[in-house]
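Novice: What follows is model-v4.cif, mmCIF, C-alpha atoms.
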```cif
data_data
loop_
_atom_site.label_atom_id
_atom_site.label_comp_id
_atom_site.auth_asym_id
_atom_site.auth_seq_id
_atom_site.Cartn_x
_atom_site.Cartn_y
_atom_site.Cartn_z
CA MET A 18 76.68 174.08 138.09
CA SER A 19 75.80 177.17 140.11
CA PHE A 20 74.04 180.25 138.82
CA LYS A 21 76.14 183.28 139.82
CA LEU A 22 73.72 186.05 140.76
CA GLY A 23 75.07 189.54 141.37
CA LEU A 24 72.86 191.47 143.77
CA ILE A 25 72.77 195.23 144.34
CA VAL A 26 70.23 196.75 146.71
CA ASN A 27 70.00 200.52 147.00
CA PRO A 28 68.83 200.81 150.64
CA VAL A 29 67.52 204.35 150.21
CA ALA A 30 65.68 203.80 146.92
CA GLY A 31 62.08 205.00 147.07
CA LEU A 32 62.44 206.72 150.44
CA GLY A 33 61.17 210.05 149.14
CA GLY A 34 57.96 208.74 147.62
CA SER A 35 55.86 208.26 150.74
CA VAL A 36 56.85 211.69 152.11
CA ALA A 37 56.24 213.55 148.84
CA LEU A 38 59.88 214.31 148.03
CA LYS A 39 59.53 213.02 144.44
CA GLY A 40 62.61 210.84 144.73
CA SER A 41 65.58 210.01 146.91
CA ASP A 42 68.61 210.96 144.82
CA GLY A 43 71.35 212.37 147.01
CA VAL A 44 72.39 211.64 150.58
CA GLU A 45 70.75 214.79 151.99
CA THR A 46 67.40 213.97 150.39
CA ALA A 47 67.54 210.46 151.85
CA LYS A 48 68.27 211.89 155.30
CA LYS A 49 65.37 214.31 154.99
CA ALA A 50 63.04 211.48 153.95
CA LEU A 51 64.02 209.43 157.01
CA GLU A 52 63.51 212.45 159.26
CA LEU A 53 60.00 212.81 157.81
CA GLY A 54 59.20 209.22 158.74
CA ALA A 55 59.92 207.36 155.51
CA GLU A 56 60.60 203.63 155.84
CA PRO A 57 63.16 201.80 153.67
CA LYS A 58 61.39 199.32 151.40
CA SER A 59 63.93 198.25 148.80
CA ASN A 60 65.09 195.19 150.77
CA ASN A 61 61.48 194.06 151.19
CA ARG A 62 60.95 194.34 147.45
CA THR A 63 64.20 192.47 146.82
CA LYS A 64 62.95 189.74 149.14
CA LEU A 65 59.80 189.36 147.03
CA ALA A 66 61.98 188.76 143.97
CA LEU A 67 64.37 186.35 145.69
CA GLU A 68 61.52 184.34 147.22
CA GLN A 69 60.65 183.17 143.70
CA LEU A 70 64.08 181.52 143.62
CA LEU A 71 63.91 179.63 146.94
CA PRO A 72 63.29 176.24 145.24
CA TYR A 73 66.63 176.71 143.46
CA LYS A 74 68.73 178.20 146.25
CA LEU A 75 71.11 175.23 146.36
CA SER A 76 71.98 176.03 142.73
CA ILE A 77 72.48 179.77 143.25
CA GLU A 78 75.47 181.71 144.58
CA VAL A 79 74.79 185.35 145.44
CA PHE A 80 77.60 187.91 145.12
CA THR A 81 76.82 191.19 146.83
CA ALA A 82 77.83 193.89 149.32
CA SER A 83 77.62 193.71 153.08
CA GLY A 84 74.61 194.66 155.17
CA GLU A 85 71.66 196.43 153.61
CA MET A 86 73.15 196.46 150.10
CA GLY A 87 72.28 192.79 149.66
CA GLU A 88 73.96 190.55 152.22
CA ARG A 89 71.21 190.75 154.83
CA VAL A 90 68.28 189.79 152.62
CA ALA A 91 70.22 187.06 150.77
CA LYS A 92 71.40 185.38 153.98
CA GLU A 93 68.01 185.80 155.61
CA LEU A 94 66.53 183.66 152.84
CA GLY A 95 69.29 181.07 153.10
CA PHE A 96 71.20 181.70 149.86
CA THR A 97 74.91 180.95 149.65
CA THR A 98 76.24 184.50 149.86
CA HIS A 99 79.64 185.98 149.00
CA VAL A 100 80.38 189.53 150.19
CA VAL A 101 82.67 191.25 147.69
CA TYR A 102 82.28 194.86 148.83
CA GLN A 103 81.96 196.84 152.06
CA PRO A 104 79.94 200.06 151.52
CA GLN A 105 80.04 203.20 153.58
CA LEU A 106 77.69 203.44 156.55
CA GLU A 107 75.48 205.77 154.49
CA THR A 108 75.45 204.29 151.01
CA THR A 109 76.07 206.53 148.01
CA PRO A 110 75.89 206.22 144.21
CA GLU A 111 79.64 205.58 144.31
CA ASP A 112 78.99 202.44 146.36
CA THR A 113 76.57 201.19 143.71
CA GLU A 114 79.11 201.79 140.95
CA ALA A 115 81.96 200.18 142.90
CA LEU A 116 79.89 197.08 143.61
CA ALA A 117 78.80 196.81 139.97
CA GLU A 118 82.45 196.89 138.88
CA LEU A 119 83.33 194.10 141.29
CA LEU A 120 80.39 191.97 140.17
CA ILE A 121 81.60 192.22 136.58
CA LYS A 122 85.04 191.02 137.71
CA GLN A 123 83.32 188.09 139.41
CA LYS A 124 81.80 187.23 136.01
CA VAL A 125 78.30 186.91 137.42
CA ASP A 126 75.64 185.52 135.09
CA LEU A 127 73.20 188.35 135.88
CA ILE A 128 73.14 191.50 137.98
CA LEU A 129 69.82 191.83 139.82
CA PHE A 130 69.40 195.26 141.37
CA ALA A 131 66.72 197.01 143.39
CA GLY A 132 66.29 200.73 143.05
CA GLY A 133 64.93 203.43 140.79
CA ASP A 134 66.12 205.32 137.75
CA GLY A 135 69.01 206.87 139.65
CA THR A 136 70.29 203.41 140.57
CA ALA A 137 69.91 202.26 136.96
CA ARG A 138 71.97 205.28 135.84
CA ASN A 139 74.76 204.40 138.26
CA ILE A 140 74.89 200.80 137.10
CA CYS A 141 74.69 201.78 133.42
CA ALA A 142 77.74 204.03 133.86
CA VAL A 143 79.76 200.95 134.80
CA VAL A 144 78.19 197.89 133.22
CA ASP A 145 77.51 198.93 129.63
CA ASP A 146 77.06 195.49 127.98
CA SER A 147 79.54 193.64 130.19
CA ALA A 148 76.76 191.69 131.89
CA PRO A 149 72.98 191.40 131.59
CA VAL A 150 71.03 193.26 134.27
CA LEU A 151 67.49 193.25 135.61
CA GLY A 152 65.88 195.79 137.89
CA VAL A 153 63.54 195.15 140.80
CA PRO A 154 61.32 198.26 140.91
CA ALA A 155 61.90 199.95 144.28
CA GLY A 156 62.33 203.65 143.51
CA CYS A 157 60.02 206.62 143.12
CA LYS A 158 60.96 207.02 139.45
CA ILE A 159 60.73 203.97 137.18
CA HIS A 160 60.97 205.39 133.67
CA SER A 161 63.76 203.08 132.48
CA GLY A 162 63.09 199.95 130.47
CA VAL A 163 65.48 197.83 132.54
CA TYR A 164 62.93 196.97 135.24
CA ALA A 165 60.59 194.03 135.61
CA ILE A 166 56.96 195.05 136.02
CA THR A 167 56.92 193.79 139.63
CA PRO A 168 59.46 192.30 142.06
CA LYS A 169 57.90 188.86 141.62
CA ALA A 170 58.17 189.22 137.84
CA ALA A 171 61.90 189.89 138.24
CA GLY A 172 62.26 186.66 140.19
CA ARG A 173 60.31 184.79 137.53
CA VAL A 174 62.69 185.90 134.77
CA VAL A 175 65.70 184.71 136.79
CA GLU A 176 63.84 181.43 137.40
CA MET A 177 63.47 181.01 133.65
CA LEU A 178 67.22 181.41 133.21
CA ILE A 179 67.97 178.83 135.89
CA ASN A 180 65.51 176.38 134.32
CA GLY A 181 67.19 176.66 130.95
CA GLU A 182 64.24 178.32 129.26
CA LEU A 183 65.07 180.52 126.30
CA VAL A 184 65.40 184.05 127.58
CA THR A 185 66.24 186.69 125.03
CA LEU A 186 68.51 189.66 125.71
CA ALA A 187 67.14 193.03 124.65
CA ASP A 188 68.70 196.48 124.74
CA ALA A 189 66.65 198.65 127.09
CA ASP A 190 66.89 202.41 127.62
CA VAL A 191 68.05 203.88 130.91
CA MET A 192 66.02 207.04 131.52
CA ASP A 193 65.89 209.52 134.38
CA ILE A 194 64.38 212.88 135.17
CA ASP A 195 65.79 215.90 136.93
CA GLU A 196 64.42 215.57 140.46
CA SER A 197 65.06 219.22 141.31
CA ALA A 198 63.02 220.37 138.32
CA PHE A 199 60.40 217.69 139.03
CA ARG A 200 59.87 219.06 142.54
CA GLN A 201 59.15 222.41 140.89
CA GLY A 202 56.56 220.81 138.60
CA THR A 203 58.72 220.44 135.49
CA VAL A 204 59.43 217.05 133.95
CA LYS A 205 62.74 216.82 132.12
CA ALA A 206 63.47 213.26 131.03
CA LYS A 207 66.80 212.26 129.55
CA ARG A 208 68.22 209.07 128.09
CA TYR A 209 71.49 208.04 129.74
CA GLY A 210 72.30 204.90 127.79
CA GLU A 211 71.12 201.33 127.48
CA MET A 212 71.77 197.99 129.10
CA GLN A 213 71.05 194.41 128.11
CA VAL A 214 68.07 193.00 129.92
CA PRO A 215 66.69 189.43 129.87
CA SER A 216 63.02 189.21 128.99
CA GLU A 217 60.61 186.40 128.28
CA VAL A 218 60.85 185.23 124.69
CA ARG A 219 57.79 185.47 122.43
CA TYR A 220 58.00 183.22 119.37
CA VAL A 221 56.43 184.64 116.23
CA GLN A 222 56.32 182.82 112.92
CA SER A 223 57.91 185.16 110.40
CA VAL A 224 57.15 183.27 107.18
CA LYS A 225 54.34 181.00 105.97
CA ASN A 226 56.33 178.47 103.99
CA GLY A 227 57.43 176.16 106.77
CA GLY A 228 60.48 175.44 108.84
CA LYS A 229 63.19 175.07 106.21
CA GLU A 230 62.75 178.51 104.68
CA SER A 231 62.33 180.05 108.15
CA ASP A 232 65.59 178.48 109.32
CA GLU A 233 67.36 179.73 106.20
CA LEU A 234 66.21 183.26 106.94
CA VAL A 235 67.34 182.98 110.55
CA LEU A 236 70.75 181.65 109.49
CA ALA A 237 71.12 184.60 107.12
CA ASP A 238 70.26 186.99 109.95
CA ILE A 239 72.80 185.33 112.26
CA ALA A 240 75.48 185.46 109.56
CA THR A 241 74.84 189.10 108.73
CA TYR A 242 75.01 190.10 112.39
CA VAL A 243 78.24 188.18 113.12
CA ILE A 244 79.90 189.73 110.07
CA SER A 245 78.74 193.23 111.04
CA GLU A 246 80.46 192.81 114.42
CA MET A 247 83.80 191.64 113.00
CA ASP A 248 86.87 193.83 113.56
CA GLU A 249 89.41 193.97 110.74
CA ASP A 250 92.29 193.86 113.24
CA GLU A 251 91.14 190.58 114.80
CA ARG A 252 91.35 187.03 113.55
CA TYR A 253 88.32 184.75 113.72
CA ILE A 254 88.49 181.01 114.13
CA MET A 255 85.48 179.55 112.32
CA GLY A 256 84.37 176.24 113.84
CA SER A 257 82.55 173.27 112.38
CA GLY A 258 78.85 173.02 111.63
CA SER A 259 76.19 174.37 109.31
CA THR A 260 75.42 177.53 111.32
CA VAL A 261 79.04 178.67 111.13
CA ALA A 262 79.06 177.60 107.48
CA ALA A 263 76.24 180.11 106.88
CA VAL A 264 78.57 182.89 108.05
CA MET A 265 81.29 181.73 105.68
CA GLU A 266 78.77 181.51 102.83
CA GLU A 267 77.62 185.07 103.53
CA LEU A 268 81.27 186.16 103.34
CA GLY A 269 81.67 184.33 100.03
CA LEU A 270 84.47 182.18 101.45
CA GLU A 271 85.18 178.50 100.95
CA ASN A 272 84.28 176.65 104.14
CA THR A 273 85.55 173.44 105.72
CA LEU A 274 82.26 172.06 107.04
CA LEU A 275 83.86 169.40 109.24
CA GLY A 276 87.02 171.36 109.99
CA VAL A 277 88.21 174.67 111.38
CA ASP A 278 89.19 177.72 109.30
CA LEU A 279 90.80 181.07 110.14
CA ILE A 280 89.81 184.43 108.67
CA GLN A 281 90.78 188.07 109.04
CA ASP A 282 89.28 191.17 107.40
CA HIS A 283 86.74 188.94 105.60
CA GLU A 284 89.50 186.90 103.93
CA LEU A 285 90.74 183.34 104.47
CA VAL A 286 94.02 183.09 106.36
CA GLY A 287 94.05 179.32 106.73
CA GLN A 288 91.82 176.33 105.99
CA ASP A 289 91.20 173.02 107.76
CA LEU A 290 93.80 173.86 110.39
CA THR A 291 95.27 171.59 113.05
CA ALA A 292 95.47 172.39 116.76
CA VAL A 293 99.17 173.28 116.44
CA GLN A 294 98.58 175.48 113.40
CA LEU A 295 95.78 177.35 115.16
CA LEU A 296 98.01 178.15 118.13
CA GLU A 297 100.82 179.33 115.85
CA MET A 298 98.61 181.46 113.59
CA THR A 299 96.89 183.26 116.46
CA GLU A 300 99.97 183.78 118.61
CA ASP A 301 100.43 187.52 118.07
CA CYS A 302 96.93 188.58 117.02
CA PRO A 303 93.74 189.19 119.04
CA THR A 304 91.42 186.31 118.20
CA LYS A 305 87.78 185.36 118.58
CA LEU A 306 86.14 182.00 118.10
CA VAL A 307 82.83 181.41 116.29
CA ILE A 308 81.24 178.04 117.15
CA THR A 309 77.88 176.32 117.16
CA LEU A 310 76.29 173.20 118.64
CA ILE A 311 77.70 169.94 117.30
CA GLY A 312 75.99 166.62 117.89
CA GLY A 313 72.57 165.83 119.28
CA GLN A 314 73.49 166.53 122.91
CA GLY A 315 74.46 170.17 122.44
CA HIS A 316 78.27 169.95 122.49
CA ILE A 317 80.09 173.19 121.81
CA PHE A 318 83.47 171.58 122.54
CA GLY A 319 84.50 167.96 122.23
CA ARG A 320 82.52 166.86 119.19
CA GLY A 321 83.81 167.54 115.69
CA ASN A 322 86.15 170.34 116.77
CA GLN A 323 89.01 168.68 118.66
CA GLN A 324 91.35 171.08 116.86
CA LEU A 325 90.19 173.63 119.43
CA SER A 326 92.65 172.61 122.12
CA PRO A 327 92.39 173.60 125.79
CA ALA A 328 95.47 175.79 125.32
CA LEU A 329 93.80 177.65 122.46
CA ILE A 330 90.48 178.06 124.26
CA ARG A 331 92.23 179.40 127.37
CA LYS A 332 94.21 181.83 125.25
CA ILE A 333 91.08 183.13 123.54
CA GLY A 334 89.05 183.41 126.76
CA LYS A 335 85.35 182.74 127.34
CA GLU A 336 84.53 186.40 126.69
CA ASN A 337 85.80 186.03 123.09
CA ILE A 338 83.79 182.91 122.25
CA ILE A 339 80.85 183.66 119.95
CA VAL A 340 78.22 180.91 120.06
CA VAL A 341 75.70 180.94 117.21
CA ALA A 342 72.53 178.83 116.97
CA THR A 343 68.91 179.08 115.95
CA LYS A 344 66.29 179.10 118.69
CA ARG A 345 64.81 175.98 117.11
CA LYS A 346 68.13 174.19 117.67
CA LEU A 347 68.30 175.34 121.29
CA GLN A 348 64.68 174.34 121.90
CA ALA A 349 65.50 170.83 120.71
CA LEU A 350 67.77 170.45 123.76
CA ASN A 351 64.66 170.58 125.99
CA GLY A 352 66.42 172.66 128.62
CA ARG A 353 69.62 170.58 128.74
CA PRO A 354 72.76 172.72 128.99
CA LEU A 355 75.31 173.13 126.24
CA ILE A 356 78.24 170.79 126.86
CA ALA A 357 81.91 171.73 127.13
CA ASP A 358 83.94 168.52 126.93
CA THR A 359 87.42 169.84 126.14
CA GLY A 360 89.34 167.03 127.83
CA ASP A 361 90.53 169.46 130.50
CA GLN A 362 88.31 169.23 133.60
CA SER A 363 89.38 172.58 135.06
CA LEU A 364 88.76 174.34 131.73
CA ASP A 365 85.32 172.72 131.50
CA ASP A 366 84.58 174.13 134.96
CA GLU A 367 85.74 177.60 133.84
CA LEU A 368 83.47 177.47 130.79
CA SER A 369 80.44 176.44 132.84
CA GLY A 370 77.83 179.08 133.56
CA TYR A 371 75.69 181.16 131.26
CA ILE A 372 76.78 182.35 127.85
CA LYS A 373 75.23 184.68 125.30
CA VAL A 374 74.14 182.89 122.13
CA VAL A 375 73.56 184.78 118.88
CA THR A 376 70.15 183.65 117.61
CA GLY A 377 69.41 186.31 114.97
CA TYR A 378 70.35 189.82 113.91
CA ASN A 379 71.16 191.63 117.16
CA ASP A 380 69.10 188.94 118.86
CA HIS A 381 70.60 186.90 121.70
CA VAL A 382 69.55 184.50 124.40
CA MET A 383 71.27 183.50 127.62
CA TYR A 384 71.89 179.77 127.79
CA ALA A 385 73.58 177.47 130.31
CA VAL A 386 76.87 175.73 129.61
CA GLY A 387 77.67 172.59 131.58
CA HIS A 388 79.95 169.60 131.15
CA GLN A 389 79.82 165.86 131.49
CA GLU A 390 80.75 164.60 134.95
#
```
Kindly transcribe the structure held in the file into structure tokens.

Specialist:
Amino acid sequence: MSFKLGLIVNPVAGLGGSVALKGSDGVETAKKALELGAEPKSNNRTKLALEQLLPYKLSIEVFTASGEMGERVAKELGFTTHVVYQPQLETTPEDTEALAELLIKQKVDLILFAGGDGTARNICAVVDDSAPVLGVPAGCKIHSGVYAITPKAAGRVVEMLINGELVTLADADVMDIDESAFRQGTVKAKRYGEMQVPSEVRYVQSVKNGGKESDELVLADIATYVISEMDEDERYIMGSGSTVAAVMEELGLENTLLGVDLIQDHELVGQDLTAVQLLEMTEDCPTKLVITLIGGQGHIFGRGNQQLSPALIRKIGKENIIVVATKRKLQALNGRPLIADTGDQSLDDELSGYIKVVTGYNDHVMYAVGHQE
């Protein structure tokens, strides 16, 4: 299973800093910085991040743009590299946005980008929460919360993902200042949005009465969050297992613990449904699937939920699968991936990669999905 890493390098990021231009936003400013003797450094900083991943390069596929926007540094380090975009000779913010859009279509597991706040703004305008992102600090202005503290720290976070360590996803603000005003001595900062950023998990005991009560509180948080995100116009297939049962209990609905139910607008539509019934009852309605880990090996498909047929899973799409689990349950896997064993090898391959797991109220981690060979 390969880790699909999207890579965006802003070649002109940080050019203005060394020549006192207070930034490098805009093609003309970048030209002026180069004329004043500035040296591009963003690829060097990207290299520092990627060097942390060299022990894993056989497990990583890099998707990027040609030349200085990512291809050069990735190939220089020996990573398997796929060029999905050809930028202009002099790169612009539009190139950054176009590449980000293509990386989303490639369904990369993470977008790693090198730049400053202007680059973060460009990516935020396109990505929203379509993919997790992480910034390698390379610009003059680093006010946004989407950046690692150093290039090496960025590489370390990606390493954690590849190793199957629990890495939480947090919403981080994208900030920027008006460079023109800044050059005149006025600081005008503005929030432009937020993106989901992986960060190292810190475990904090929230109650003093032991694991059982703590798990019950976490399950309640998971249930409340899943319910808050439900759309009345969509149907939700509720899979087997106690974590999904907690959602049904929070809704006040009867649950088939070892079966599969269907709900819409917080009401039961069908109980203990067969594979054929599920296909028929979701035929003309947008549908999402709520599942959890079943069995000691971390199966999300193939154990206790055979009603979820390959045809149904394909129809729903990976992007509409909501995996719920406590961090304690994920930790018990000791870094092993979740298993998709649908009985359809090509579908198992499609489901492989990294998926967002709901682990609390508005709390998620990225976790690997694999399959049995």

Novice: Between A:Lys305, A:Lys207, A:Arg320, A:Lys332, single out the one closest to Ile254 of chain A, counting all atoms listed in the file.

Specialist: A:Lys305

Novice: Find the residues near Lys21 of chain A: any atom within 9 Å, counting only C-alpha atoms, skip ones fewer than 5 places away on the same chain, and give them as a count of residues only.

Specialist: 13

Novice: Could you give me, as a PyMOL selection string, the residues that sit within 12 Å of (74.4, 198.1, 131.6) in the file's coordinates, counting all atoms listed in the file?

Specialist: chain A and resi 114+117-118+121+127-130+136-152+161-163+186-191+209-215

Novice: Please produce an output containing C-alpha atoms for each residue in the selection, written as a compact mmCIF listing (two decimals), in the coordinates of the input.

Specialist:
```txt
# COMPACT_ATOMS: atom_id res chain seq x y z
CA GLU A 114 79.11 201.79 140.95
CA ALA A 117 78.80 196.81 139.97
CA GLU A 118 82.45 196.89 138.88
CA ILE A 121 81.60 192.22 136.58
CA LEU A 127 73.20 188.35 135.88
CA ILE A 128 73.14 191.50 137.98
CA LEU A 129 69.82 191.83 139.82
CA PHE A 130 69.40 195.26 141.37
CA THR A 136 70.29 203.41 140.57
CA ALA A 137 69.91 202.26 136.96
CA ARG A 138 71.97 205.28 135.84
CA ASN A 139 74.76 204.40 138.26
CA ILE A 140 74.89 200.80 137.10
CA CYS A 141 74.69 201.78 133.42
CA ALA A 142 77.74 204.03 133.86
CA VAL A 143 79.76 200.95 134.80
CA VAL A 144 78.19 197.89 133.22
CA ASP A 145 77.51 198.93 129.63
CA ASP A 146 77.06 195.49 127.98
CA SER A 147 79.54 193.64 130.19
CA ALA A 148 76.76 191.69 131.89
CA PRO A 149 72.98 191.40 131.59
CA VAL A 150 71.03 193.26 134.27
CA LEU A 151 67.49 193.25 135.61
CA GLY A 152 65.88 195.79 137.89
CA SER A 161 63.76 203.08 132.48
CA GLY A 162 63.09 199.95 130.47
CA VAL A 163 65.48 197.83 132.54
CA LEU A 186 68.51 189.66 125.71
CA ALA A 187 67.14 193.03 124.65
CA ASP A 188 68.70 196.48 124.74
CA ALA A 189 66.65 198.65 127.09
CA ASP A 190 66.89 202.41 127.62
CA VAL A 191 68.05 203.88 130.91
CA TYR A 209 71.49 208.04 129.74
CA GLY A 210 72.30 204.90 127.79
CA GLU A 211 71.12 201.33 127.48
CA MET A 212 71.77 197.99 129.10
CA GLN A 213 71.05 194.41 128.11
CA VAL A 214 68.07 193.00 129.92
CA PRO A 215 66.69 189.43 129.87
```

Novice: Could you tell me, as a list in words, which residues have any atom at most 9 Å from (97.7, 190.2, 109.8), counting all atoms listed in the file?

Specialist: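 Counting all atoms listed in the file, I find these residues within 9 Å of (97.7, 190.2, 109.8): Asp250, Glu251, Arg252, Gln281, Asp282, Val286 and Cys302 of chain A.
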
Novice: If you measure from atom CA of Val375 of chain A to atom CA of Asp358 of chain A, what distance in Å do you get, rounded to one decimal?

Specialist: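 Separation of atom CA of Val375 of chain A and atom CA of Asp358 of chain A: 20.9 Å.
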
Novice: One decimal, Å: what's the distance from atom CA of Lys58 of chain A over to atom CA of Val26 of chain A, could you say?

Specialist: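 Computing the Euclidean distance for atom CA of Lys58 of chain A and atom CA of Val26 of chain A yields 10.3 Å.
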
Novice: Determine the residue set returned by the PyMOL selection byres ((chain A and resi 354) around 6) for the present structure, and present it as a VMD selection string.

Specialist: chain A and resid 353 355 385 to 387

Novice: For the file shown, what are the residues hit by the PyMOL selection byres ((chain A and resi 68-71) around 7), laid out as a VMD selection string?

Specialist: chain A and resid 64 to 67 72 to 74 169 172 to 173 176

Novice: Name the closest residue to Pro154 of chain A among the candidates A:Gln323, A:Ala91, A:Gln288, A:Asn60; distances are taken between atoms, counting only C-alpha atoms.

Specialist: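 Smallest separation from Pro154 of chain A among the options: A:Asn60.
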
Novice: Taking all atoms of segment 167-176 of chain A that the file lists and extending 8 Å past them on each side, where is the centre of the axis-aligned box and how long are its edges? Answer in Å to one decimal, as lines of an AutoDock Vina configuration file.

Specialist:
```
center_x = 61.3
center_y = 187.6
center_z = 138.4
size_x = 24.8
size_y = 28.4
size_z = 23.3
```

Novice: Any chance you could work out the residue set of the PyMOL selection byres ((chain A and resi 293) around 10) here, as a PyMOL selection string?

Specialist: chain A and resi 290-292+294-298+324-326+328-329

Novice: Quick one: residues within 8 Å of Lys373 of chain A, only C-alpha atoms counted, chain neighbours fewer than 6 positions away excluded, as a PyMOL selection string?

Specialist: chain A and resi 339-340+381-384

Novice: Atom CA of Asp380 of chain A to atom CA of Thr260 of chain A: how many Å, to one decimal?

Specialist: 15.1 Å

Novice: Using all atoms listed in the file, which of A:Leu94, A:Val175, A:Met247, A:Ile311 sits nearest Leu275 of chain A?

Specialist: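 Answer, going by the shortest atom-to-atom distance: A:Ile311.
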
Novice: Hey, what's within 7 Å of Ala240 of chain A if we count only C-alpha atoms and toss same-chain stuff fewer than 4 positions away? As a list in words, please?

Specialist: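 Contacts, with the query itself left out: Leu236, Ile244, Ala263, Val264 and Glu267 of chain A.
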
Novice: Choose the residue, out of A:Ala262, A:Val29, A:Leu75, A:Ala82, that has the smallest atom-to-atom separation from Glu233 of chain A; count all atoms listed in the file.

Specialist: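 Closest to Glu233 of chain A of all the choices is A:Ala262.
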
Novice: Measuring between only C-alpha atoms, which one of A:Asp238, A:Gly287, A:Thr309, A:Asp112 shows the shortest distance to Gly256 of chain A?

Specialist: A:Thr309

Novice: Kindly indicate which residue among A:Asn322, A:Asn180, A:Ser59, A:Ser216 lies nearest to Thr273 of chain A, using only C-alpha atoms for the distances.

Specialist: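 Going through A:Asn322, A:Asn180, A:Ser59, A:Ser216 one by one, the smallest distance to Thr273 of chain A is for A:Asn322.
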
Novice: Give me, as an NGL selection string, all polymer residues having an atom no more than 8 Å from Thr63 of chain A, counting only C-alpha atoms and skipping those fewer than 5 positions away in the same chain.

Specialist: :A and (26 or 90 or 131 or 153 or 168)
